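Just below is one structure, and these are the notes that go with it.
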Amino acid sequence: MELEKVVVITGAGSGIGRATAMLLAARGCRLVLGGRREAQLAAVAAEIESAGGLAIFRRADVTRPAALEALVALACDRFGRLDVLVNNAGIGPISRFDALKVEDWDAMIDINIRGVLHGIAAALPVFRRQGSGHLVNVVSTAGLKIVPTMGVYAATKNAVRTITEALRQEAGPQLRVTEVSPGMVATDFADSMTDEAAKAAIQDRLAAIAMSPDAIARGIAFAIEQPPEVEVGSIVIRPTAQD
Ligand SMILES: NC(=O)c1ccc[n+]([C@@H]2O[C@H](COP(=O)([O-])OP(=O)(O)OC[C@H]3O[C@@H](n4cnc5c(N)ncnc54)[C@H](OP(=O)(O)O)[C@@H]3O)[C@@H](O)[C@H]2O)c1
């Protein structure tokens with residue numbers, strides 16, 4: 001089924017964002033890719049175009065509200081509308097509380113929570129004006145099963161879960177809201193980790209059981225492809241081997 005939607009994805013230069021962009025482009029969506037590293041975004045856009053799809057990109061740091069406004073404006077200027085915003089950008093520099101990595105805590109709050117709020121603030125007025133729209137927020141199974149080292153990360157993801165549920169209740173019949181909770185996915189996610197012990201433990205676990213980011217992309221596509229009156233509220237996608 002061709003989707004023909006205009007989709008903005010944050011954190012689209014790698015991992016889940018990249019896989020989602022590739023899949024949605026192959027399904028007929030027009031993509032606007034955001035992230036901080038322009039070269040990564042350009043590479044994804046080029047890959048999409050060489051496969052016959054359509055993608056444009058813009059450097060965007062989600063900690064800045066203006067960056068999200070610019071991404072949404074780019075979608076509207078170039079493609080005439082915005083159907084879906086995938087708030088995917090996120091980091092997970094996990095550690096035990098005793099490590100006192102206050103800068104990492106602040107960065108997770110700024111990117112994982114404020115970044116999503118900035119996306120909502122940019123997209124909501126457009127969705128209201130159009131009378132339709134879909135917000136997809138990427139959270140995590142880290143918020144469903146809380147484990148040591150993941151306290152602050154899980155807290156940021158569960159803050160987004162709470163925001164998503166409240167927004168769903170306020171949304172009304174014309175706006176769809178979806179949260180997607182990935183389990184362990186083979187991406188660059190561990191790169192942001194500054195605590196060497198926590199990083200090594202996660203990298204070992206990822207090497208052992210992580211699934212392809214394509215699994216999450218398929219989940220996001222499933223939520224998007226439903227008829228307009230059908231809202232997929234929550235999807236949890238884990239590797240079978242994850243406890
Ligand atoms: N991998 C997993 O096991 C897993 C599990 C559950 C949930 N998740 C969630 O999935 C999402 C995607 O992560 P991933 O696994 O695909 O890891 P990833 O490959 O590291 O992707 C994260 C993306 O976010 C972007 N990003 C980070 N900070 C940003 C900022 N300030 N502004 C804009 N973009 C920013 C990064 O690009 P730039 O650095 O270029 O900005 C990167 O492309 C995250 O929200 C993560 O929490 C991942």
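By convention in this document, the chains of the structure tokens carry letters A, B, ... by their order, each chain's residues are numbered from 1, and ligands are numbered from 1 in the order they are shown.
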For range 23-39 of chain A, please output as an mmCIF file with N, CA, C and O atoms, in the first residue's frame all residues within 6 Å (counting only C-alpha atoms; exclusion window: fewer than 2 positions along the same chain).
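part24.cif, freshly written:
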data_model
loop_
_atom_site.group_PDB
_atom_site.id
_atom_site.type_symbol
_atom_site.label_atom_id
_atom_site.label_comp_id
_atom_site.auth_asym_id
_atom_site.auth_seq_id
_atom_site.Cartn_x
_atom_site.Cartn_y
_atom_site.Cartn_z
ATOM 1 N N GLU A 2 0.642 2.160 -0.965
ATOM 2 C CA GLU A 2 1.391 3.424 -0.992
ATOM 3 C C GLU A 2 0.901 4.330 0.132
ATOM 4 O O GLU A 2 -0.302 4.459 0.354
ATOM 5 N N LEU A 3 1.845 4.983 0.839
ATOM 6 C CA LEU A 3 1.419 5.804 1.976
ATOM 7 C C LEU A 3 1.257 7.286 1.612
ATOM 8 O O LEU A 3 0.388 7.962 2.126
ATOM 9 N N GLU A 4 2.135 7.779 0.756
ATOM 10 C CA GLU A 4 2.020 9.161 0.256
ATOM 11 C C GLU A 4 1.852 10.209 1.342
ATOM 12 O O GLU A 4 1.068 11.145 1.215
ATOM 13 N N LYS A 5 2.560 10.047 2.444
ATOM 14 C CA LYS A 5 2.479 11.041 3.529
ATOM 15 C C LYS A 5 3.759 11.872 3.551
ATOM 16 O O LYS A 5 4.804 11.425 3.093
ATOM 17 N N VAL A 6 3.638 13.065 4.125
ATOM 18 C CA VAL A 6 4.812 13.907 4.349
ATOM 19 C C VAL A 6 5.232 13.703 5.804
ATOM 20 O O VAL A 6 4.452 13.948 6.722
ATOM 21 N N VAL A 7 6.465 13.237 5.975
ATOM 22 C CA VAL A 7 6.914 12.802 7.299
ATOM 23 C C VAL A 7 8.217 13.502 7.674
ATOM 24 O O VAL A 7 9.189 13.456 6.916
ATOM 25 N N VAL A 8 8.230 14.124 8.840
ATOM 26 C CA VAL A 8 9.476 14.651 9.410
ATOM 27 C C VAL A 8 9.981 13.642 10.433
ATOM 28 O O VAL A 8 9.215 13.166 11.273
ATOM 29 N N ILE A 9 11.271 13.312 10.368
ATOM 30 C CA ILE A 9 11.878 12.404 11.355
ATOM 31 C C ILE A 9 13.092 13.101 11.970
ATOM 32 O O ILE A 9 13.980 13.564 11.248
ATOM 33 N N THR A 10 13.124 13.153 13.304
ATOM 34 C CA THR A 10 14.325 13.674 13.966
ATOM 35 C C THR A 10 15.278 12.507 14.252
ATOM 36 O O THR A 10 14.845 11.364 14.420
ATOM 37 N N GLY A 11 16.567 12.809 14.277
ATOM 38 C CA GLY A 11 17.554 11.740 14.477
ATOM 39 C C GLY A 11 17.543 10.771 13.310
ATOM 40 O O GLY A 11 17.702 9.558 13.486
ATOM 41 N N ALA A 12 17.379 11.306 12.106
ATOM 42 C CA ALA A 12 17.167 10.456 10.928
ATOM 43 C C ALA A 12 18.465 10.017 10.253
ATOM 44 O O ALA A 12 18.439 9.258 9.286
ATOM 45 N N THR A 20 13.632 3.974 9.551
ATOM 46 C CA THR A 20 12.249 4.410 9.365
ATOM 47 C C THR A 20 12.133 5.278 8.113
ATOM 48 O O THR A 20 11.192 5.129 7.318
ATOM 49 N N ALA A 21 13.099 6.158 7.926
ATOM 50 C CA ALA A 21 13.096 7.006 6.732
ATOM 51 C C ALA A 21 13.164 6.151 5.462
ATOM 52 O O ALA A 21 12.404 6.376 4.505
ATOM 53 N N LEU A 41 22.851 12.936 7.406
ATOM 54 C CA LEU A 41 21.528 13.177 6.818
ATOM 55 C C LEU A 41 21.622 13.166 5.299
ATOM 56 O O LEU A 41 20.764 12.596 4.613
ATOM 57 N N ALA A 42 22.675 13.786 4.779
ATOM 58 C CA ALA A 42 22.864 13.840 3.320
ATOM 59 C C ALA A 42 23.018 12.430 2.764
ATOM 60 O O ALA A 42 22.487 12.110 1.688
ATOM 61 N N GLY A 53 13.216 7.216 -4.098
ATOM 62 C CA GLY A 53 12.364 7.945 -3.157
ATOM 63 C C GLY A 53 12.684 9.428 -3.121
ATOM 64 O O GLY A 53 13.528 9.917 -3.877
ATOM 65 N N LEU A 54 12.011 10.138 -2.229
ATOM 66 C CA LEU A 54 12.181 11.590 -2.135
ATOM 67 C C LEU A 54 12.431 11.982 -0.678
ATOM 68 O O LEU A 54 11.593 11.742 0.192
ATOM 69 N N ALA A 55 13.603 12.587 -0.446
ATOM 70 C CA ALA A 55 13.935 13.019 0.915
ATOM 71 C C ALA A 55 14.764 14.292 0.856
ATOM 72 O O ALA A 55 15.648 14.427 0.011
ATOM 73 N N ILE A 56 14.450 15.219 1.755
ATOM 74 C CA ILE A 56 15.279 16.407 1.915
ATOM 75 C C ILE A 56 15.720 16.449 3.372
ATOM 76 O O ILE A 56 15.175 15.727 4.218
ATOM 77 N N PHE A 57 16.700 17.273 3.682
ATOM 78 C CA PHE A 57 17.203 17.260 5.052
ATOM 79 C C PHE A 57 17.596 18.665 5.483
ATOM 80 O O PHE A 57 17.799 19.560 4.661
ATOM 81 N N ARG A 58 17.711 18.802 6.788
ATOM 82 C CA ARG A 58 18.129 20.079 7.358
ATOM 83 C C ARG A 58 18.788 19.790 8.693
ATOM 84 O O ARG A 58 18.296 18.966 9.470
ATOM 85 N N ARG A 59 19.877 20.467 8.955
ATOM 86 C CA ARG A 59 20.519 20.325 10.251
ATOM 87 C C ARG A 59 19.567 20.825 11.328
ATOM 88 O O ARG A 59 19.006 21.918 11.208
ATOM 89 N N ALA A 60 19.349 20.034 12.368
ATOM 90 C CA ALA A 60 18.397 20.433 13.404
ATOM 91 C C ALA A 60 18.808 19.821 14.739
ATOM 92 O O ALA A 60 18.905 18.603 14.865
ATOM 93 N N ASP A 61 19.067 20.671 15.711
ATOM 94 C CA ASP A 61 19.344 20.218 17.071
ATOM 95 C C ASP A 61 18.035 20.351 17.847
ATOM 96 O O ASP A 61 17.539 21.467 18.044
#
Original post:
Can you tell me, as a PyMOL selection string, what residues are no more than 12 Å from Gln130 in chain A when counting only C-alpha atoms, ignoring any on the same chain fewer than 3 positions away?
Top reply: chain A and resi 76+80-84+123-127+133-134+174-175
For the residues in the current selection, export N, CA, C and O atoms as a short mmCIF file (atom, residue, chain, number, x, y, z; two decimals), in the first residue's frame.
data_model
loop_
_atom_site.label_atom_id
_atom_site.label_comp_id
_atom_site.auth_asym_id
_atom_site.auth_seq_id
_atom_site.Cartn_x
_atom_site.Cartn_y
_atom_site.Cartn_z
N CYS A 76 6.31 21.93 5.09
CA CYS A 76 5.14 22.65 4.56
C CYS A 76 5.50 23.42 3.29
O CYS A 76 4.72 23.44 2.33
N GLY A 80 3.93 21.09 0.99
CA GLY A 80 2.57 21.61 1.14
C GLY A 80 1.84 21.20 2.40
O GLY A 80 0.75 21.69 2.67
N ARG A 81 2.44 20.29 3.17
CA ARG A 81 1.75 19.84 4.38
C ARG A 81 2.69 19.02 5.26
O ARG A 81 3.83 18.70 4.85
N LEU A 82 2.21 18.69 6.44
CA LEU A 82 2.94 17.76 7.31
C LEU A 82 1.93 16.74 7.83
O LEU A 82 0.94 17.13 8.46
N ASP A 83 2.16 15.48 7.54
CA ASP A 83 1.24 14.44 8.01
C ASP A 83 1.71 13.78 9.29
O ASP A 83 0.90 13.42 10.13
N VAL A 84 3.03 13.58 9.41
CA VAL A 84 3.56 12.82 10.55
C VAL A 84 4.86 13.46 11.04
O VAL A 84 5.72 13.80 10.24
N ALA A 123 4.79 21.11 15.56
CA ALA A 123 3.86 20.41 14.66
C ALA A 123 2.40 20.68 14.98
O ALA A 123 1.56 20.71 14.07
N LEU A 124 2.08 20.84 16.25
CA LEU A 124 0.68 20.92 16.66
C LEU A 124 -0.12 22.02 15.93
O LEU A 124 -1.22 21.74 15.44
N PRO A 125 0.41 23.24 15.84
CA PRO A 125 -0.36 24.27 15.14
C PRO A 125 -0.64 23.91 13.67
O PRO A 125 -1.72 24.20 13.16
N VAL A 126 0.32 23.24 13.04
CA VAL A 126 0.13 22.83 11.64
C VAL A 126 -0.94 21.74 11.57
O VAL A 126 -1.84 21.78 10.72
N PHE A 127 -0.86 20.77 12.47
CA PHE A 127 -1.85 19.69 12.48
C PHE A 127 -3.25 20.25 12.73
O PHE A 127 -4.23 19.83 12.11
N GLY A 133 -3.19 15.05 11.52
CA GLY A 133 -1.77 14.93 11.82
C GLY A 133 -1.51 13.74 12.72
O GLY A 133 -2.45 13.16 13.29
N HIS A 134 -0.25 13.36 12.81
CA HIS A 134 0.11 12.16 13.59
C HIS A 134 1.48 12.39 14.24
O HIS A 134 2.45 12.68 13.56
N GLN A 174 -9.12 14.36 15.30
CA GLN A 174 -8.37 14.64 14.06
C GLN A 174 -6.86 14.42 14.20
O GLN A 174 -6.14 14.51 13.21
N LEU A 175 -6.41 14.18 15.42
CA LEU A 175 -4.96 14.04 15.64
C LEU A 175 -4.66 12.66 16.22
O LEU A 175 -5.31 12.24 17.17
#
What do you get as a short mmCIF file (atom, residue, chain, number, x, y, z; two decimals) with all heavy atoms, in the first residue's frame if you pick all residues at most 7 Å from ligand 1, counting only C-alpha atoms and all ligand atoms?
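Saved the output as out.cif:
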data_model
loop_
_atom_site.label_atom_id
_atom_site.label_comp_id
_atom_site.auth_asym_id
_atom_site.auth_seq_id
_atom_site.Cartn_x
_atom_site.Cartn_y
_atom_site.Cartn_z
N THR A 10 13.12 13.15 13.30
CA THR A 10 14.32 13.67 13.97
C THR A 10 15.28 12.51 14.25
O THR A 10 14.85 11.36 14.42
CB THR A 10 13.97 14.40 15.28
OG1 THR A 10 13.42 13.46 16.21
CG2 THR A 10 13.00 15.54 15.04
N GLY A 11 16.57 12.81 14.28
CA GLY A 11 17.55 11.74 14.48
C GLY A 11 17.54 10.77 13.31
O GLY A 11 17.70 9.56 13.49
N ALA A 12 17.38 11.31 12.11
CA ALA A 12 17.17 10.46 10.93
C ALA A 12 18.46 10.02 10.25
O ALA A 12 18.44 9.26 9.29
CB ALA A 12 16.29 11.19 9.92
N GLY A 13 19.61 10.46 10.78
CA GLY A 13 20.88 10.14 10.12
C GLY A 13 21.43 8.77 10.47
O GLY A 13 22.41 8.32 9.86
N SER A 14 20.82 8.09 11.43
CA SER A 14 21.36 6.78 11.83
C SER A 14 20.25 5.95 12.48
O SER A 14 19.16 6.44 12.76
CB SER A 14 22.53 6.96 12.82
OG SER A 14 22.07 7.58 14.01
N GLY A 15 20.57 4.68 12.71
CA GLY A 15 19.75 3.79 13.52
C GLY A 15 18.28 3.72 13.15
O GLY A 15 17.91 3.55 11.97
N ILE A 16 17.43 3.86 14.16
CA ILE A 16 15.98 3.71 13.98
C ILE A 16 15.44 4.81 13.06
O ILE A 16 14.58 4.54 12.21
CB ILE A 16 15.29 3.74 15.37
CG1 ILE A 16 15.67 2.49 16.17
CG2 ILE A 16 13.78 3.87 15.23
CD1 ILE A 16 15.30 2.55 17.65
N GLY A 17 15.93 6.02 13.22
CA GLY A 17 15.45 7.12 12.38
C GLY A 17 15.76 6.86 10.92
O GLY A 17 14.91 7.04 10.03
N GLY A 34 15.90 15.27 9.94
CA GLY A 34 16.59 16.21 10.83
C GLY A 34 17.58 15.51 11.72
O GLY A 34 17.43 14.32 12.03
N GLY A 35 18.60 16.24 12.15
CA GLY A 35 19.63 15.70 13.04
C GLY A 35 20.76 16.72 13.10
O GLY A 35 20.71 17.73 12.39
N ARG A 36 21.75 16.47 13.95
CA ARG A 36 22.82 17.46 14.07
C ARG A 36 23.91 17.26 13.02
O ARG A 36 24.51 18.22 12.55
CB ARG A 36 23.43 17.40 15.48
CG ARG A 36 22.48 17.85 16.56
CD ARG A 36 23.02 17.53 17.93
NE ARG A 36 23.28 16.10 18.06
CZ ARG A 36 23.71 15.51 19.16
NH1 ARG A 36 23.92 16.22 20.24
NH2 ARG A 36 23.92 14.20 19.19
N ARG A 37 24.19 16.02 12.64
CA ARG A 37 25.28 15.76 11.69
C ARG A 37 24.76 15.76 10.26
O ARG A 37 24.12 14.81 9.81
CB ARG A 37 25.94 14.42 12.02
CG ARG A 37 26.76 14.42 13.31
CD ARG A 37 27.09 13.03 13.75
NE ARG A 37 25.90 12.26 14.03
CZ ARG A 37 25.88 10.95 14.30
NH1 ARG A 37 27.00 10.27 14.32
NH2 ARG A 37 24.74 10.34 14.54
N GLU A 38 25.10 16.85 9.57
CA GLU A 38 24.56 17.04 8.23
C GLU A 38 25.01 15.96 7.24
O GLU A 38 24.24 15.52 6.38
CB GLU A 38 24.98 18.43 7.71
CG GLU A 38 23.84 19.15 7.05
CD GLU A 38 24.13 20.63 6.89
OE1 GLU A 38 24.95 21.17 7.66
OE2 GLU A 38 23.52 21.23 6.01
N GLN A 40 25.60 12.85 7.71
CA GLN A 40 24.81 11.61 7.88
C GLN A 40 23.45 11.76 7.22
O GLN A 40 22.95 10.85 6.57
CB GLN A 40 24.59 11.35 9.38
CG GLN A 40 25.86 11.27 10.18
CD GLN A 40 26.16 9.85 10.59
OE1 GLN A 40 25.48 8.94 10.16
NE2 GLN A 40 27.16 9.65 11.40
N ALA A 60 19.35 20.03 12.37
CA ALA A 60 18.40 20.43 13.40
C ALA A 60 18.81 19.82 14.74
O ALA A 60 18.90 18.60 14.87
CB ALA A 60 16.99 19.96 13.03
N ASP A 61 19.07 20.67 15.71
CA ASP A 61 19.34 20.22 17.07
C ASP A 61 18.04 20.35 17.85
O ASP A 61 17.54 21.47 18.04
CB ASP A 61 20.44 21.10 17.68
CG ASP A 61 20.79 20.68 19.10
OD1 ASP A 61 19.96 20.02 19.77
OD2 ASP A 61 21.89 21.04 19.56
N VAL A 62 17.48 19.21 18.31
CA VAL A 62 16.14 19.24 18.90
C VAL A 62 16.08 20.00 20.23
O VAL A 62 14.98 20.27 20.72
CB VAL A 62 15.57 17.81 19.10
CG1 VAL A 62 15.41 17.10 17.76
CG2 VAL A 62 16.40 17.00 20.09
N THR A 63 17.24 20.32 20.81
CA THR A 63 17.21 21.12 22.03
C THR A 63 16.83 22.57 21.74
O THR A 63 16.57 23.34 22.67
CB THR A 63 18.56 21.08 22.79
OG1 THR A 63 19.56 21.68 21.97
CG2 THR A 63 18.96 19.66 23.13
N ASN A 88 12.10 11.01 17.15
CA ASN A 88 12.96 9.84 17.35
C ASN A 88 14.30 10.19 17.99
O ASN A 88 14.88 9.36 18.68
CB ASN A 88 13.19 9.17 15.99
CG ASN A 88 14.34 8.20 16.02
OD1 ASN A 88 14.25 7.11 16.60
ND2 ASN A 88 15.47 8.60 15.42
N ALA A 89 14.79 11.41 17.79
CA ALA A 89 16.13 11.76 18.30
C ALA A 89 16.20 11.49 19.80
O ALA A 89 15.28 11.82 20.55
CB ALA A 89 16.42 13.24 18.04
N GLY A 90 17.29 10.87 20.23
CA GLY A 90 17.43 10.59 21.65
C GLY A 90 18.83 10.09 21.95
O GLY A 90 19.53 9.59 21.06
N ILE A 91 19.22 10.23 23.20
CA ILE A 91 20.52 9.71 23.64
C ILE A 91 20.34 8.93 24.93
O ILE A 91 19.36 9.13 25.65
CB ILE A 91 21.56 10.84 23.85
CG1 ILE A 91 21.08 11.85 24.91
CG2 ILE A 91 21.88 11.53 22.53
CD1 ILE A 91 22.18 12.77 25.42
N GLY A 92 21.32 8.07 25.23
CA GLY A 92 21.22 7.26 26.44
C GLY A 92 22.54 7.06 27.14
O GLY A 92 23.00 5.92 27.29
N ILE A 111 17.50 16.57 25.49
CA ILE A 111 17.26 15.96 24.18
C ILE A 111 16.01 15.08 24.21
O ILE A 111 15.12 15.20 23.36
CB ILE A 111 18.50 15.16 23.72
CG1 ILE A 111 19.67 16.12 23.50
CG2 ILE A 111 18.18 14.36 22.45
CD1 ILE A 111 21.00 15.46 23.23
N ASN A 112 15.92 14.19 25.21
CA ASN A 112 14.85 13.18 25.19
C ASN A 112 13.49 13.75 25.58
O ASN A 112 12.47 13.26 25.10
CB ASN A 112 15.20 12.02 26.13
CG ASN A 112 16.48 11.30 25.73
OD1 ASN A 112 17.10 11.64 24.73
ND2 ASN A 112 16.88 10.32 26.50
N VAL A 138 9.21 8.09 19.99
CA VAL A 138 10.00 6.88 20.25
C VAL A 138 10.44 6.90 21.72
O VAL A 138 11.21 7.79 22.13
CB VAL A 138 11.21 6.78 19.31
CG1 VAL A 138 12.05 5.54 19.64
CG2 VAL A 138 10.73 6.72 17.85
N VAL A 139 9.93 5.98 22.50
CA VAL A 139 10.32 5.87 23.91
C VAL A 139 11.20 4.65 24.08
O VAL A 139 12.13 4.46 23.27
CB VAL A 139 9.08 5.92 24.84
CG1 VAL A 139 8.51 7.33 24.83
CG2 VAL A 139 8.00 4.93 24.47
N SER A 140 10.96 3.79 25.08
CA SER A 140 11.87 2.66 25.27
C SER A 140 11.30 1.64 26.24
O SER A 140 10.59 2.01 27.19
CB SER A 140 13.21 3.16 25.81
OG SER A 140 14.06 2.07 26.11
N THR A 141 11.68 0.38 26.06
CA THR A 141 11.33 -0.63 27.07
C THR A 141 12.09 -0.37 28.37
O THR A 141 11.72 -0.92 29.41
CB THR A 141 11.63 -2.07 26.58
OG1 THR A 141 13.03 -2.16 26.26
CG2 THR A 141 10.79 -2.44 25.38
N ALA A 142 13.12 0.48 28.31
CA ALA A 142 13.83 0.85 29.55
C ALA A 142 12.88 1.49 30.55
O ALA A 142 13.11 1.45 31.75
CB ALA A 142 14.97 1.81 29.23
N SER A 181 7.83 1.72 21.81
CA SER A 181 8.86 1.34 22.80
C SER A 181 9.75 0.25 22.22
O SER A 181 9.39 -0.92 22.23
CB SER A 181 8.20 0.78 24.07
OG SER A 181 7.37 1.73 24.67
N PRO A 182 10.92 0.63 21.72
CA PRO A 182 11.85 -0.41 21.26
C PRO A 182 12.56 -1.07 22.45
O PRO A 182 12.86 -0.41 23.44
CB PRO A 182 12.87 0.36 20.41
CG PRO A 182 12.30 1.73 20.21
CD PRO A 182 11.42 1.97 21.40
N GLY A 183 12.85 -2.36 22.28
CA GLY A 183 13.82 -3.02 23.16
C GLY A 183 15.20 -2.80 22.58
O GLY A 183 15.47 -1.77 21.96
N MET A 184 16.08 -3.78 22.71
CA MET A 184 17.47 -3.58 22.28
C MET A 184 17.59 -3.66 20.75
O MET A 184 17.25 -4.68 20.14
CB MET A 184 18.37 -4.61 22.94
CG MET A 184 18.29 -4.55 24.45
SD MET A 184 19.82 -5.04 25.23
CE MET A 184 20.62 -3.48 25.43
N VAL A 185 18.09 -2.57 20.19
CA VAL A 185 18.18 -2.44 18.73
C VAL A 185 19.64 -2.18 18.35
O VAL A 185 20.33 -1.39 19.02
CB VAL A 185 17.30 -1.27 18.24
CG1 VAL A 185 17.31 -1.21 16.72
CG2 VAL A 185 15.88 -1.40 18.75
N ALA A 186 20.10 -2.80 17.28
CA ALA A 186 21.49 -2.63 16.83
C ALA A 186 21.64 -1.29 16.11
O ALA A 186 21.30 -1.17 14.93
CB ALA A 186 21.87 -3.78 15.90
N THR A 187 22.10 -0.28 16.85
CA THR A 187 22.29 1.07 16.30
C THR A 187 23.56 1.67 16.91
O THR A 187 24.29 1.00 17.64
CB THR A 187 21.10 2.00 16.67
OG1 THR A 187 21.14 2.22 18.09
CG2 THR A 187 19.77 1.40 16.29
N ASP A 188 23.76 2.98 16.67
CA ASP A 188 24.91 3.68 17.27
C ASP A 188 24.60 4.17 18.68
O ASP A 188 25.34 5.00 19.24
CB ASP A 188 25.26 4.92 16.43
CG ASP A 188 25.64 4.56 15.01
OD1 ASP A 188 26.03 3.39 14.79
OD2 ASP A 188 25.54 5.43 14.13
N PHE A 189 23.51 3.69 19.26
CA PHE A 189 22.99 4.21 20.52
C PHE A 189 24.05 4.28 21.63
O PHE A 189 24.08 5.22 22.41
CB PHE A 189 21.82 3.33 20.95
CG PHE A 189 21.07 3.83 22.13
CD1 PHE A 189 20.40 5.05 22.08
CD2 PHE A 189 21.02 3.10 23.31
CE1 PHE A 189 19.70 5.51 23.18
CE2 PHE A 189 20.32 3.56 24.40
CZ PHE A 189 19.65 4.77 24.34
N ALA A 190 24.93 3.28 21.70
CA ALA A 190 25.92 3.24 22.79
C ALA A 190 26.99 4.32 22.63
O ALA A 190 27.72 4.62 23.59
CB ALA A 190 26.57 1.86 22.86
N ASP A 191 27.08 4.93 21.46
CA ASP A 191 28.14 5.92 21.22
C ASP A 191 28.07 7.09 22.20
O ASP A 191 29.10 7.70 22.52
CB ASP A 191 28.04 6.48 19.79
CG ASP A 191 28.48 5.46 18.75
OD1 ASP A 191 28.83 4.33 19.15
OD2 ASP A 191 28.46 5.79 17.55
#
**OP:** Would you list, as an MDAnalysis selection string, the residues of range 1-242 of chain A that end up in strand (DSSP E) under DSSP run on this structure's backbone?
**Re:** chainID A and resid 6:10 30:35 54:59 84:87 133:138 175:182 234:237
Subject >> One-decimal distance in Å that lies between CA of Lys157 in chain A and CA of Leu85 in chain A >> reply: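 Separation between CA of Leu85 in chain A and CA of Lys157 in chain A: 17.2 Å.
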Original post:
Closest to Ala67 in chain A among A:Met193, A:Ala121, A:Val180, A:Ala159, using only C-alpha atoms?
Top reply: A:Ala121
**OP:** Report the residues of range 13-218 of chain A whose backbone DSSP state falls under helix (DSSP H, G or I), written as a PyMOL selection string.
**Re:** chain A and resi 15-26+38-50+65-79+97-99+102-130+141-143+151-171+189-192+196-209+214-218
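The environment of Glu103 in chain A within 12 Å, counting only C-alpha atoms and disregarding residues fewer than 2 places along the same chain, consists of A:Pro93, A:Ile94, A:Ser95, A:Ala99, A:Leu100, A:Lys101, A:Trp105, A:Asp106, A:Ala107, A:Met108, A:Ile109, A:Asp110, A:Val152, A:Met193, A:Thr194.
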